[in-house]
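Q: Let me give you the structure first, and then I'll get to my questions.
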Amino acid sequence: MKSHDALWLASRAAPAALVFINDVQSSLGDIDAAIAEGDWPTAVESSSAALRSVFLCHLVLNGLQGRCAEGELDLLVCLDDGDVAQRLRALPVSYTAGEEDAQAAQRSAREAADELEAGLPVKLPTIRTVKGYFPSVRIGADLEALRKSIGLPPIDWMAWL
Amino acid sequence: MTCLTFNPVDCSTFHALLTSKKGGVNYLGEVLNAERSSVCAALKRVGLTVDDIVEVGGSVLEAGRPYLVGSLAQGFGNRGSDVDVHLFVPELERAAPPFLCFVGDVPVDIEHFPAGVHLEVLGGLDADVVDTPAGAISTGRRLERRTRTRLIRWTTALPLFGETPLFDEAQHGLIRPHLLRFALTRLVGAAAVAELVGLAGLDAGHAWRLCGRGLLDLACTVRGWPPIGDKWLPSRIRAAGLEPALVGAAGEVRSVERLVREVALLGVPAVDPLRATVIRNDPGAEVQRIGRQRFIRTRHGRIVEREPITDGSFAEVVGAVEPLELVELLRAGVVRVEVDDVLLSEELVSR
């Protein structure tokens, strides 16, 4: 049986889930679109964006309030020894990237995103789709209700966008 | 009807230009790329037409003047891009939250703004500049993030129904110094961080690589391709026609001196990043007293057992606190490396 700390879920996993659906999901879609068009440099850039967003999600899960300041996330990526930071640093230079680089970058971003998603207690549909939008809004409302029930103020959603 | 017309020429003309790889306008008003100036060509990238947008937007679009903004309007974008529409509505008091709709699988965001707000934002820009070979660069207050994002979107907006562009050439001339300043500020901040990481004896390879990106971002901005989302940097490099030698040089930057030399080659004053940056206590960190003990509570949700540092220039703080400790304080969110607006402006003017 899986269980989660309610306070952690409401205060940290909830905003991390928001960052996941806003940033990670959209970047993963961007990689697919770039690869479909054979735009390898943009696929690598989008993989980088996805990995940066996964990294940000981990920061939020660890307590970051709001988004990073200009340049802060890059600095943390430079200094971090974790798996996601290493994946980011290992990406090839995008401007000269070829198909193989793009495919490898996509795999790396996808693996990191899958691992993150598996660790999030809330299962999330893809928000910017016809089928996923309203269920995502519903999940947001349910998370607000959870926060209220354990005495937390409403989420400042704009702080995470 | 496959496409609504727009002035001064119709879509078929632009498609012809597109085929010939000539024509189009960048934000400097220069003729560069046909895709850029055709709303039809932009929407075609996601498989849509103006009619599709009219159909999904319905009467909402009749409330004001709609403009296509974002990556598609900027001449980039791909099949996975969203369609972003900004609608300028008379008598609207303030910007309204965007609403999302879909044409098939393509998300369409429509955001409402008061008519004339773009001119208000323009009027609020600081007019102080320094003239450089790369063009005028702002020496005034930096643009707040939201204002900057909006200005970039509006400066490259395409009228959906063939109305006039949001800004004329003279107005673009007022915006450009701020975009150059933003790109330069970002690069200066990245260089200071890379230097600090190196001083701490840590591997600064990734930090210098980011400086190389910043150099290319600045070069694209100098050539008229504004600093938009990171993922479009390769597209901007192509559109701006950056020389392979410059791209190669960006990958070789490993020191402030080399970076400054490359920046100077762009016609941008060779400002010293370390003289333009400060290291200070993070504004999001607060002293937390618990009994007689004092801690620092950071945005990262940490309670750090330490007193705040004394804010100062890069050199002052690095002279007072060991670089390795500084890096740890940066990681914890206790301090921040920041480009100082006044110092950067002084550097720009003095060069």
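The way I read the labels, and the way they are meant: chains A, B, ... in the order of the structure tokens, residue 1 as the first residue of every chain, and ligand 1 as the first ligand shown, with later ones counted on from there.
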Go through chain B and flag each residue having an atom no more than 6 Å from chain A; for those, report the closest pair of atoms plus their distance in Å to one decimal, using only C-alpha atoms, ordered by chain and rising number, as a Markdown table.
A:
| residue | atom | partner | partner_atom | distance |
| --- | --- | --- | --- | --- |
| B:Arg79 | CA | A:Ala33 | CA | 5.7 |
| B:Gly80 | CA | A:Ala33 | CA | 5.0 |
| B:His206 | CA | A:Cys78 | CA | 6.0 |
| B:Lys231 | CA | A:Glu45 | CA | 4.7 |
| B:Pro234 | CA | A:Tyr95 | CA | 5.1 |
| B:Arg299 | CA | A:Gln65 | CA | 5.3 |
| B:His300 | CA | A:Leu64 | CA | 3.8 |
| B:Gly301 | CA | A:Gly63 | CA | 4.5 |
Q: Please identify which residues in region 194-311 of chain B DSSP calls helix (DSSP H, G or I) from the backbone, and express them as a ChimeraX atom specification.
A: /B:194-199,205-222,230-240,244-252,256-265
Q: With only C-alpha atoms as the counted atoms, please give the residues lying no more than 9 Å from Ala183 (chain B), apart from itself and same-chain residues fewer than 5 positions off, as a list in words.
A: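 That gives His178, Val188, Gly214, Leu215, Asp217, Leu218, Ala219, Thr221, Pro226 and Pro227 of chain B.
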Q: Write out as a PyMOL selection string the residues lying within 12 Å of Arg306 (chain B), counting only C-alpha atoms and excluding same-chain residues fewer than 6 positions away.
A: chain B and resi 281+285-289+293-298+325+328-329+332+334-335
Q: Calculate how many Å separate CA of Ala250 (chain B) from CA of Arg110 (chain A), rounding to one decimal.
A: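 Distance reported for this atom pair: 28.3 Å.
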Q: Give the answer as one residue: which of A:Val24, A:Ala118, A:Ala102, A:Val137 has the shortest atom-to-atom distance to Ser53 (chain A), using only C-alpha atoms?
A: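 Once distances to Ser53 (chain A) are computed over only C-alpha atoms, the minimum belongs to A:Val24.
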Q: Can you tell me how far CA of Ser136 (chain A) sits from CA of Ala112 (chain A), in Å to one decimal?
A: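 Atom-to-atom, CA of Ser136 (chain A) to CA of Ala112 (chain A), that is 21.7 Å.
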Q: Taking only C-alpha atoms into account, name the residue in A:Asp5, A:Leu51, A:Ile139, A:Pro125 that is nearest to Ala109 (chain A).
A: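 Counting only C-alpha atoms, the residue closest to Ala109 (chain A) is A:Leu51.
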Q: Report as a list in words: the residues of region 231-282 of chain B with a DSSP assignment of strand (DSSP E or B), based on the backbone of this structure.
A: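 Selecting the strand (DSSP E or B) positions of region 231-282 of chain B gives Thr277, Val278, Ile279, Arg280 and Asn281 of chain B.
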Q: Between B:Arg153, B:Arg209, B:Arg141, B:Lys44, which is the closest to Tyr67 (chain B) once you count only C-alpha atoms?
A: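 The answer is B:Arg153, which sits nearest to Tyr67 (chain B).
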Q: Using only C-alpha atoms, determine which residues lie at most 12 Å from Leu143 (chain B), disregarding the query and same-chain residues fewer than 5 positions distant; provide the list as a list in words.
A: Val121, Leu122, Gly124, Leu125, Asp126, Ser138, Arg148, Thr149, Arg150, Leu151, Ile152, Ile175, Arg176, Pro177, His178, Leu179, Leu180, Arg181, Phe182, Ala183, Thr185 and Asp341 of chain B
Q: Between CA of Ile137 (chain B) and CA of Gly267 (chain B), what is the spacing in Å?
A: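 Atom-to-atom, CA of Gly267 (chain B) and CA of Ile137 (chain B) are spaced 11.0 Å apart.
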Q: Which residues come within 10 Å of Pro135 (chain A), counting only C-alpha atoms, excluding same-chain residues fewer than 5 positions away, as a ChimeraX atom specification?
A: /A:124-127,130,140-141
Q: Hey, which of B:Val50, B:Ala207, B:Val117, B:Val271 ends up closest to Val349 (chain B)? Count only C-alpha atoms.
A: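 Closest residue, counting only C-alpha atoms: B:Val271.
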